[in-house]
$ cat target03.cif   # mmCIF, C-alpha atoms and all ligand atoms
data_run
#
loop_
_atom_site.label_atom_id
_atom_site.label_comp_id
_atom_site.auth_asym_id
_atom_site.auth_seq_id
_atom_site.Cartn_x
_atom_site.Cartn_y
_atom_site.Cartn_z
CA MET A 342 -35.85 53.44 38.88
CA LYS A 343 -34.94 57.05 38.36
CA PHE A 344 -33.50 56.20 34.97
CA SER A 345 -36.67 54.47 33.82
CA LEU A 346 -38.75 57.49 34.88
CA ILE A 347 -36.51 59.80 32.84
CA ALA A 348 -36.67 57.39 29.93
CA ARG A 349 -40.46 57.29 30.15
CA LEU A 350 -40.68 61.10 30.30
CA ALA A 351 -38.36 61.40 27.33
CA ALA A 352 -40.39 58.85 25.36
CA SER A 353 -43.66 60.62 26.01
CA ALA A 354 -42.10 63.98 25.10
CA ALA A 355 -40.87 62.45 21.85
CA ALA A 356 -44.31 60.97 21.19
CA LEU A 357 -45.90 64.36 21.83
CA ALA A 358 -43.43 66.08 19.53
CA PHE A 359 -44.15 63.49 16.82
CA THR A 360 -47.91 63.90 17.20
CA THR A 361 -47.60 67.68 17.07
CA CYS A 362 -45.36 67.41 14.03
CA MET A 363 -47.81 65.10 12.22
CA ALA A 364 -50.72 67.35 13.20
CA ARG A 365 -48.82 70.29 11.77
CA ALA A 366 -48.06 68.30 8.63
CA GLN A 367 -51.77 67.68 8.14
CA ASP A 368 -52.64 71.30 8.97
CA ALA A 369 -50.23 72.62 6.38
CA GLY A 370 -52.67 71.66 3.62
CA PRO A 371 -52.10 69.29 0.71
CA ILE A 372 -48.78 68.87 -1.03
CA LEU A 373 -48.82 69.70 -4.73
CA VAL A 374 -47.44 66.98 -6.98
CA TYR A 375 -46.60 67.76 -10.60
CA ASN A 376 -47.45 64.37 -12.02
CA ALA A 377 -46.33 63.05 -15.40
CA GLN A 378 -46.78 59.38 -14.47
CA HIS A 379 -49.99 57.65 -15.56
CA VAL A 380 -52.76 59.27 -13.50
CA THR A 381 -54.41 56.00 -12.45
CA LEU A 382 -51.14 54.67 -10.99
CA THR A 383 -50.30 57.92 -9.18
CA GLN A 384 -53.82 58.08 -7.82
CA GLU A 385 -53.35 54.65 -6.25
CA TRP A 386 -50.12 55.84 -4.60
CA VAL A 387 -51.86 58.99 -3.35
CA THR A 388 -54.78 57.06 -1.86
CA GLY A 389 -52.43 54.69 -0.01
CA PHE A 390 -50.20 57.54 1.22
CA THR A 391 -53.05 59.70 2.50
CA LYS A 392 -54.58 56.71 4.26
CA GLU A 393 -51.27 55.96 5.98
CA THR A 394 -50.19 59.51 6.92
CA GLY A 395 -53.26 61.74 6.76
CA ILE A 396 -51.32 64.05 4.41
CA LYS A 397 -53.44 65.10 1.44
CA VAL A 398 -52.08 65.39 -2.09
CA THR A 399 -53.17 67.56 -5.00
CA LEU A 400 -52.14 66.48 -8.50
CA ARG A 401 -51.31 68.69 -11.45
CA ASN A 402 -51.11 66.29 -14.40
CA GLY A 403 -49.14 66.73 -17.60
CA GLY A 404 -46.35 65.26 -19.73
CA ASP A 405 -42.73 64.71 -18.66
CA MET A 406 -41.23 67.56 -20.68
CA GLU A 407 -44.23 69.87 -20.33
CA LEU A 408 -44.08 69.78 -16.53
CA GLY A 409 -40.27 69.61 -16.40
CA ASN A 410 -39.97 72.76 -18.51
CA GLN A 411 -42.69 74.41 -16.45
CA ILE A 412 -40.81 73.79 -13.18
CA VAL A 413 -37.59 75.16 -14.70
CA GLN A 414 -39.45 78.26 -15.88
CA GLU A 415 -41.14 78.77 -12.52
CA GLY A 416 -37.78 78.41 -10.77
CA ALA A 417 -37.86 79.59 -7.15
CA ASN A 418 -41.56 80.45 -7.49
CA SER A 419 -42.70 76.95 -8.40
CA PRO A 420 -45.66 75.84 -6.26
CA ALA A 421 -44.68 72.18 -6.82
CA ASP A 422 -43.57 70.11 -3.83
CA VAL A 423 -42.89 66.84 -5.67
CA PHE A 424 -42.25 65.92 -9.31
CA LEU A 425 -43.13 62.44 -10.62
CA THR A 426 -42.16 61.47 -14.15
CA GLU A 427 -42.84 58.61 -16.56
CA ASN A 428 -39.21 58.51 -17.70
CA SER A 429 -35.84 59.92 -16.61
CA PRO A 430 -35.08 62.83 -19.02
CA GLY A 431 -37.81 65.12 -17.62
CA ILE A 432 -36.67 64.82 -14.03
CA SER A 433 -33.00 65.03 -15.07
CA LEU A 434 -33.79 68.35 -16.72
CA VAL A 435 -35.12 69.71 -13.43
CA ASN A 436 -32.17 68.25 -11.52
CA ARG A 437 -29.64 69.82 -13.89
CA ALA A 438 -31.24 73.18 -13.15
CA GLY A 439 -30.37 72.57 -9.46
CA LEU A 440 -34.00 72.52 -8.37
CA LEU A 441 -34.20 69.21 -6.46
CA SER A 442 -33.49 68.56 -2.77
CA PRO A 443 -31.13 65.70 -1.95
CA LEU A 444 -33.01 62.61 -0.76
CA PRO A 445 -32.07 61.14 2.64
CA ALA A 446 -30.06 57.91 2.81
CA ASP A 447 -32.98 55.86 4.18
CA THR A 448 -35.06 56.74 1.11
CA LEU A 449 -32.20 56.10 -1.33
CA GLY A 450 -31.54 52.76 0.36
CA LEU A 451 -35.01 51.55 -0.70
CA VAL A 452 -33.99 51.29 -4.37
CA PRO A 453 -30.86 49.62 -5.86
CA GLU A 454 -28.24 51.92 -7.41
CA THR A 455 -29.11 50.74 -10.94
CA TYR A 456 -32.52 52.36 -10.66
CA ARG A 457 -31.53 55.81 -9.45
CA PRO A 458 -29.08 58.53 -10.51
CA SER A 459 -25.67 58.59 -8.89
CA ASP A 460 -26.16 62.06 -7.30
CA GLY A 461 -29.07 61.00 -5.03
CA HIS A 462 -31.33 63.92 -5.96
CA TRP A 463 -34.14 61.75 -7.24
CA ILE A 464 -35.09 58.11 -7.12
CA GLY A 465 -36.54 55.48 -9.45
CA ILE A 466 -40.08 54.49 -8.51
CA ALA A 467 -41.03 52.17 -11.40
CA ALA A 468 -39.54 50.82 -14.61
CA ARG A 469 -40.83 50.04 -18.08
CA THR A 470 -39.16 48.21 -20.89
CA THR A 471 -38.94 48.84 -24.61
CA ALA A 472 -40.46 46.20 -26.90
CA PHE A 473 -41.26 45.60 -30.55
CA ALA A 474 -45.00 44.91 -30.75
CA TYR A 475 -45.62 42.91 -33.93
CA ASN A 476 -48.56 41.55 -35.87
CA LYS A 477 -48.40 37.74 -35.58
CA THR A 478 -49.87 37.07 -39.01
CA MET A 479 -47.61 39.57 -40.77
CA LEU A 480 -44.31 38.61 -39.13
CA LYS A 481 -42.92 35.23 -38.15
CA PRO A 482 -40.32 35.01 -35.38
CA GLU A 483 -37.54 34.62 -37.98
CA ASP A 484 -38.58 37.91 -39.65
CA LEU A 485 -38.15 39.93 -36.45
CA PRO A 486 -35.37 42.53 -36.26
CA LYS A 487 -32.37 41.41 -34.16
CA SER A 488 -31.72 44.98 -33.06
CA MET A 489 -33.85 48.12 -32.92
CA LEU A 490 -31.23 49.67 -35.22
CA ASP A 491 -32.13 47.13 -37.96
CA LEU A 492 -35.38 49.06 -38.50
CA ALA A 493 -33.26 51.58 -40.45
CA ASP A 494 -33.00 48.99 -43.25
CA ALA A 495 -34.97 49.81 -46.42
CA LYS A 496 -36.86 46.51 -46.12
CA TRP A 497 -38.79 48.06 -43.18
CA LYS A 498 -40.00 51.04 -45.22
CA GLY A 499 -43.66 51.74 -44.37
CA ARG A 500 -43.81 48.64 -42.19
CA TRP A 501 -43.15 49.91 -38.68
CA GLY A 502 -44.36 52.70 -36.45
CA ALA A 503 -43.74 54.70 -33.27
CA SER A 504 -45.03 57.75 -31.40
CA PRO A 505 -42.08 60.13 -31.83
CA SER A 506 -43.73 63.09 -30.10
CA GLY A 507 -44.22 61.18 -26.83
CA ALA A 508 -41.99 61.17 -23.74
CA ASP A 509 -41.76 57.37 -23.84
CA PHE A 510 -40.23 57.20 -27.30
CA GLN A 511 -37.99 60.19 -26.60
CA ALA A 512 -36.63 58.40 -23.51
CA ILE A 513 -35.70 55.45 -25.76
CA VAL A 514 -33.91 57.86 -28.11
CA SER A 515 -32.07 59.45 -25.16
CA ALA A 516 -30.74 56.00 -24.27
CA LEU A 517 -29.71 55.42 -27.88
CA VAL A 518 -27.73 58.69 -27.81
CA GLU A 519 -26.06 57.67 -24.55
CA LEU A 520 -25.20 54.17 -25.81
CA LYS A 521 -24.19 54.80 -29.43
CA GLY A 522 -23.53 58.54 -29.69
CA GLU A 523 -25.25 61.40 -31.49
CA ALA A 524 -24.12 60.45 -35.01
CA VAL A 525 -25.63 56.94 -34.86
CA ALA A 526 -28.79 58.21 -33.16
CA GLY A 527 -29.19 61.04 -35.67
CA ALA A 528 -28.84 58.67 -38.64
CA TRP A 529 -31.31 56.21 -37.11
CA LEU A 530 -33.84 59.01 -36.57
CA LYS A 531 -33.47 60.08 -40.22
CA SER A 532 -34.23 56.49 -41.29
CA LEU A 533 -37.23 56.52 -38.97
CA LYS A 534 -38.52 59.61 -40.77
CA THR A 535 -38.25 57.70 -44.07
CA ASN A 536 -39.35 54.23 -42.93
CA ALA A 537 -41.79 54.60 -40.06
CA VAL A 538 -45.40 55.66 -39.67
CA ALA A 539 -45.79 58.29 -36.92
CA PHE A 540 -48.65 57.75 -34.47
CA ASN A 541 -49.98 60.01 -31.78
CA GLY A 542 -49.39 57.88 -28.68
CA ASN A 543 -48.36 54.29 -28.02
CA THR A 544 -51.95 53.05 -27.89
CA ALA A 545 -52.54 54.35 -31.42
CA ALA A 546 -49.35 52.60 -32.59
CA LEU A 547 -50.50 49.34 -30.94
CA LYS A 548 -53.89 49.65 -32.66
CA GLY A 549 -52.08 50.19 -35.98
CA VAL A 550 -50.16 46.93 -35.49
CA ASN A 551 -53.27 45.03 -34.41
CA ALA A 552 -55.21 46.24 -37.46
CA GLY A 553 -52.34 45.33 -39.82
CA GLN A 554 -51.71 48.93 -40.89
CA ILE A 555 -48.06 48.30 -39.96
CA ALA A 556 -46.24 45.07 -39.10
CA GLY A 557 -44.63 46.33 -35.89
CA ALA A 558 -44.07 49.25 -33.53
CA ILE A 559 -41.60 50.31 -30.88
CA ILE A 560 -43.59 50.83 -27.67
CA PHE A 561 -43.30 50.20 -23.94
CA ASN A 562 -44.39 46.83 -22.55
CA TYR A 563 -47.34 47.97 -20.41
CA TYR A 564 -49.53 49.14 -23.31
CA TRP A 565 -49.78 45.55 -24.55
CA PHE A 566 -50.18 44.00 -21.08
CA GLY A 567 -52.80 46.58 -20.08
CA ASP A 568 -54.87 45.87 -23.21
CA GLN A 569 -54.55 42.09 -22.77
CA ALA A 570 -55.78 42.38 -19.17
CA LYS A 571 -58.90 44.21 -20.38
CA THR A 572 -60.56 43.02 -23.60
CA ALA A 573 -57.45 42.55 -25.81
CA GLU A 574 -59.37 44.39 -28.54
CA ASN A 575 -56.29 46.40 -29.54
CA SER A 576 -53.73 43.62 -29.14
CA LYS A 577 -55.32 40.26 -29.98
CA ASN A 578 -53.22 39.94 -33.16
CA VAL A 579 -50.10 41.30 -31.48
CA ALA A 580 -47.15 39.75 -29.61
CA LEU A 581 -44.19 41.44 -27.96
CA HIS A 582 -40.62 40.87 -29.10
CA PHE A 583 -37.87 41.79 -26.63
CA PHE A 584 -34.54 42.64 -28.25
CA ARG A 585 -32.46 41.67 -25.14
CA ASN A 586 -28.67 41.39 -25.57
CA GLN A 587 -28.04 44.94 -24.18
CA ASP A 588 -29.55 46.31 -27.40
CA PRO A 589 -30.66 49.98 -27.35
CA GLY A 590 -34.12 48.50 -28.04
CA ALA A 591 -33.92 46.60 -24.74
CA PHE A 592 -33.71 49.89 -22.84
CA ILE A 593 -35.35 49.86 -19.42
CA SER A 594 -36.71 53.30 -18.64
CA ILE A 595 -36.89 54.56 -15.07
CA SER A 596 -39.77 56.65 -13.72
CA GLY A 597 -38.52 59.21 -11.26
CA ALA A 598 -39.60 61.03 -8.10
CA GLY A 599 -37.94 64.08 -6.57
CA VAL A 600 -38.65 66.80 -4.00
CA LEU A 601 -38.39 70.42 -5.10
CA ALA A 602 -35.73 72.37 -3.17
CA THR A 603 -38.15 75.32 -2.98
CA SER A 604 -40.95 73.26 -1.39
CA LYS A 605 -42.07 74.69 1.94
CA LYS A 606 -43.41 71.25 2.89
CA GLN A 607 -40.14 69.32 2.77
CA ALA A 608 -41.10 66.75 5.43
CA GLN A 609 -44.42 65.87 3.80
CA ALA A 610 -42.95 65.85 0.29
CA GLN A 611 -40.08 63.61 1.39
CA ALA A 612 -42.57 61.30 3.11
CA PHE A 613 -44.53 60.90 -0.14
CA VAL A 614 -41.44 59.97 -2.16
CA LYS A 615 -40.35 57.54 0.55
CA TYR A 616 -43.81 55.94 0.56
CA ILE A 617 -43.75 55.30 -3.21
CA ALA A 618 -40.25 53.82 -3.16
CA GLY A 619 -41.08 51.76 -0.07
CA LYS A 620 -42.94 48.50 0.41
CA ALA A 621 -46.52 49.81 0.19
CA GLY A 622 -45.84 51.90 -2.92
CA GLN A 623 -44.00 49.09 -4.69
CA ASP A 624 -46.72 46.57 -3.78
CA ILE A 625 -49.17 48.68 -5.78
CA LEU A 626 -47.06 47.92 -8.88
CA ARG A 627 -47.23 44.20 -8.18
CA THR A 628 -50.96 43.97 -7.46
CA GLY A 629 -52.39 46.71 -9.71
CA THR A 630 -52.92 46.98 -13.45
CA SER A 631 -50.16 49.45 -14.38
CA PHE A 632 -47.92 46.60 -15.65
CA GLU A 633 -44.87 48.70 -14.84
CA TYR A 634 -42.01 47.01 -13.00
CA ALA A 635 -41.33 47.42 -9.29
CA VAL A 636 -37.78 48.66 -8.61
CA GLY A 637 -37.56 48.60 -4.80
CA VAL A 638 -34.98 46.41 -3.05
CA GLY A 639 -36.54 42.94 -2.88
CA ALA A 640 -39.84 44.17 -4.38
CA ALA A 641 -41.63 41.74 -6.70
CA SER A 642 -43.27 42.89 -9.95
CA ASN A 643 -46.60 41.85 -11.41
CA PRO A 644 -46.14 38.09 -12.04
CA SER A 645 -47.52 38.31 -15.59
CA LEU A 646 -44.47 40.36 -16.69
CA PRO A 647 -41.29 38.66 -17.91
CA PRO A 648 -38.68 39.14 -15.15
CA LEU A 649 -36.68 42.34 -15.56
CA ALA A 650 -33.41 40.46 -15.05
CA GLU A 651 -34.13 38.30 -18.13
CA LEU A 652 -34.59 41.27 -20.46
CA GLN A 653 -30.85 42.01 -20.66
CA GLY A 654 -31.31 45.78 -20.81
CA PRO A 655 -28.26 47.93 -21.60
CA LYS A 656 -26.57 49.67 -18.67
CA VAL A 657 -27.50 53.36 -18.72
CA ASP A 658 -27.07 55.95 -15.94
CA PRO A 659 -30.51 57.61 -15.85
CA ALA A 660 -28.87 60.90 -14.77
CA LYS A 661 -27.09 61.12 -18.13
CA LEU A 662 -30.24 61.00 -20.28
CA ASN A 663 -30.48 64.36 -21.98
CA SER A 664 -33.76 65.59 -23.39
CA LYS A 665 -32.27 68.64 -25.14
CA THR A 666 -29.97 66.55 -27.38
CA VAL A 667 -32.92 64.29 -28.25
CA THR A 668 -35.18 67.18 -29.20
CA ASP A 669 -32.42 68.76 -31.32
CA LEU A 670 -31.74 65.48 -33.16
CA MET A 671 -35.44 64.85 -33.73
CA ILE A 672 -35.98 68.36 -35.09
CA ALA A 673 -32.98 67.88 -37.40
CA ALA A 674 -34.53 64.61 -38.64
CA GLY A 675 -37.84 66.36 -39.32
CA LEU A 676 -39.70 64.35 -36.65
CA LEU A 677 -40.81 67.25 -34.43
FE FE A 701 -46.49 55.72 -21.29
#

$ encode --input "target03.cif" --output "structure tokens"
Amino acid sequence: MKFSLIARLAASAAALAFTTCMARAQDAGPILVYNAQHVTLTQEWVTGFTKETGIKVTLRNGGDMELGNQIVQEGANSPADVFLTENSPGISLVNRAGLLSPLPADTLGLVPETYRPSDGHWIGIAARTTAFAYNKTMLKPEDLPKSMLDLADAKWKGRWGASPSGADFQAIVSALVELKGEAVAGAWLKSLKTNAVAFNGNTAALKGVNAGQIAGAIIFNYYWFGDQAKTAENSKNVALHFFRNQDPGAFISISGAGVLATSKKQAQAQAFVKYIAGKAGQDILRTGTSFEYAVGVGAASNPSLPPLAELQGPKVDPAKLNSKTVTDLMIAAGLL
């Protein structure tokens, strides 16, 4: 009897403490998220999170490297609480500068080890895969390159394209460096300078393929799926070729989320990252129109996507992807 009274008192004290804590979390004002993921997707996560917790979120949108470099420059004075990226190199840059808080085990446990760096300072929240988008009237399946590296061959001169200035393409190059070394990557980039048409953005490259300006382009999967789900006006003549076979062109790129060590709203920031990696956040990838892959343990992706496990992506530790080497090699090749 006495025990149950004590237990009840303890439970109500805990409930009160929790309520007070949540009230304080809401009072503390919105958390500031530096967001390099697609704004529509992040906005869906924010809406779900605020509805569930009452914690408001302000977004500052930009590119992976733009915001990553900004956080490094701001250092201890950064107003950012959370950093979300499209790909891994931008968040790795911030992590290498020692600016991310470790994530707790219950958050890390939401995502398999393949989709997060080994040091536990950030976590994968979505994945995208590399593909060769090709014009179906210009190329037959037997004409398709077996490997992304085959595009260095002179027979592809003027016939393929990419968006070398974008974070997506640079993530693919970072994987190439990690898998084949700087010499191979550097030579491939030089051939790209000679052979490929440079576009400003993956959508522009997809349009170029659809219009027959080029026969194919290296892009991420979701640009094609997103266009198909709308009017297909930029992709009706286009199909996707997946290189598979652990090819560098089968690279699966991980979007990351991390909490800034300097954030004064650690609890709220950690809650946001946990929400995205958890069931509700991953469900948004399955049901929405981002066409990015879910990465959570047991989480299903949008059923219109080919299963991630069938794409035979190469094994790459996202923590090792280095943006500085990529930029240096691309400058040396005359691409930036
Ligand atoms: Fe993208």

$ atom_distance --input "target03.cif" --atom1 "atom CA of A:Thr381" --atom2 "atom CA of A:Val413"
25.6 Å

$ atom_distance --input "target03.cif" --atom1 "atom CA of A:Lys534" --atom2 "atom CA of A:Gly507"
15.1 Å

$ residues_near_ligand --input "target03.cif" --ligand "ligand FE 701 (chain A)" --cutoff "9 Å" --atoms "only C-alpha atoms and all ligand atoms" --output "CSV table (one decimal) with C-alpha atoms, in the coordinates of the input"
chain,number,residue,atom,x,y,z
A,378,GLN,CA,-46.8,59.4,-14.5
A,379,HIS,CA,-50.0,57.6,-15.6
A,427,GLU,CA,-42.8,58.6,-16.6
A,428,ASN,CA,-39.2,58.5,-17.7
A,469,ARG,CA,-40.8,50.0,-18.1
A,507,GLY,CA,-44.2,61.2,-26.8
A,508,ALA,CA,-42.0,61.2,-23.7
A,509,ASP,CA,-41.8,57.4,-23.8
A,510,PHE,CA,-40.2,57.2,-27.3
A,542,GLY,CA,-49.4,57.9,-28.7
A,543,ASN,CA,-48.4,54.3,-28.0
A,544,THR,CA,-52.0,53.0,-27.9
A,560,ILE,CA,-43.6,50.8,-27.7
A,561,PHE,CA,-43.3,50.2,-23.9
A,563,TYR,CA,-47.3,48.0,-20.4
A,564,TYR,CA,-49.5,49.1,-23.3

$ residues_near_point --input "target03.cif" --point "(-43.0, 51.0, -34.9)" --cutoff "6 Å" --atoms "all atoms listed in the file" --output "list in words"
Trp501, Gly502, Ala503, Gly557, Ala558 and Ile559 of chain A

$ closest_atom_pairs --input "target03.cif" --of "stretch 419-475 of chain A" --to "stretch 630-654 of chain A" --cutoff "9 Å" --atoms "all atoms listed in the file" --output "JSON lines"
{"residue": "A:Gly450", "atom": "CA", "partner": "A:Val638", "partner_atom": "CA", "distance": 8.0}
{"residue": "A:Leu451", "atom": "CA", "partner": "A:Val638", "partner_atom": "CA", "distance": 5.7}
{"residue": "A:Val452", "atom": "CA", "partner": "A:Gly637", "partner_atom": "CA", "distance": 4.5}
{"residue": "A:Pro453", "atom": "CA", "partner": "A:Val638", "partner_atom": "CA", "distance": 5.9}
{"residue": "A:Tyr456", "atom": "CA", "partner": "A:Val636", "partner_atom": "CA", "distance": 6.7}
{"residue": "A:Gly465", "atom": "CA", "partner": "A:Val636", "partner_atom": "CA", "distance": 7.0}
{"residue": "A:Ile466", "atom": "CA", "partner": "A:Val636", "partner_atom": "CA", "distance": 6.3}
{"residue": "A:Ala467", "atom": "CA", "partner": "A:Ala635", "partner_atom": "CA", "distance": 5.2}
{"residue": "A:Ala468", "atom": "CA", "partner": "A:Tyr634", "partner_atom": "CA", "distance": 4.8}
{"residue": "A:Arg469", "atom": "CA", "partner": "A:Glu633", "partner_atom": "CA", "distance": 5.3}
{"residue": "A:Thr470", "atom": "CA", "partner": "A:Gly654", "partner_atom": "CA", "distance": 8.2}

$ write_last_selection --input "target03.cif" --atoms "C-alpha atoms" --output "mmCIF file, in the coordinates of the input"
data_model
loop_
_atom_site.group_PDB
_atom_site.id
_atom_site.type_symbol
_atom_site.label_atom_id
_atom_site.label_comp_id
_atom_site.auth_asym_id
_atom_site.auth_seq_id
_atom_site.Cartn_x
_atom_site.Cartn_y
_atom_site.Cartn_z
ATOM 1 C CA GLY A 450 -31.540 52.760 0.360
ATOM 2 C CA LEU A 451 -35.010 51.550 -0.700
ATOM 3 C CA VAL A 452 -33.990 51.290 -4.370
ATOM 4 C CA PRO A 453 -30.860 49.620 -5.860
ATOM 5 C CA TYR A 456 -32.520 52.360 -10.660
ATOM 6 C CA GLY A 465 -36.540 55.480 -9.450
ATOM 7 C CA ILE A 466 -40.080 54.490 -8.510
ATOM 8 C CA ALA A 467 -41.030 52.170 -11.400
ATOM 9 C CA ALA A 468 -39.540 50.820 -14.610
ATOM 10 C CA ARG A 469 -40.830 50.040 -18.080
ATOM 11 C CA THR A 470 -39.160 48.210 -20.890
#

$ residues_around --input "target03.cif" --residues "stretch 607-617 of chain A" --least-positions-apart "3" --cutoff "10 Å" --atoms "only C-alpha atoms" --output "ChimeraX atom specification"
/A:362-363,366-367,369,371-374,383,386-387,389-391,393-394,396-398,421-425,442-445,447-449,451,463-467,597-604,620-626,637
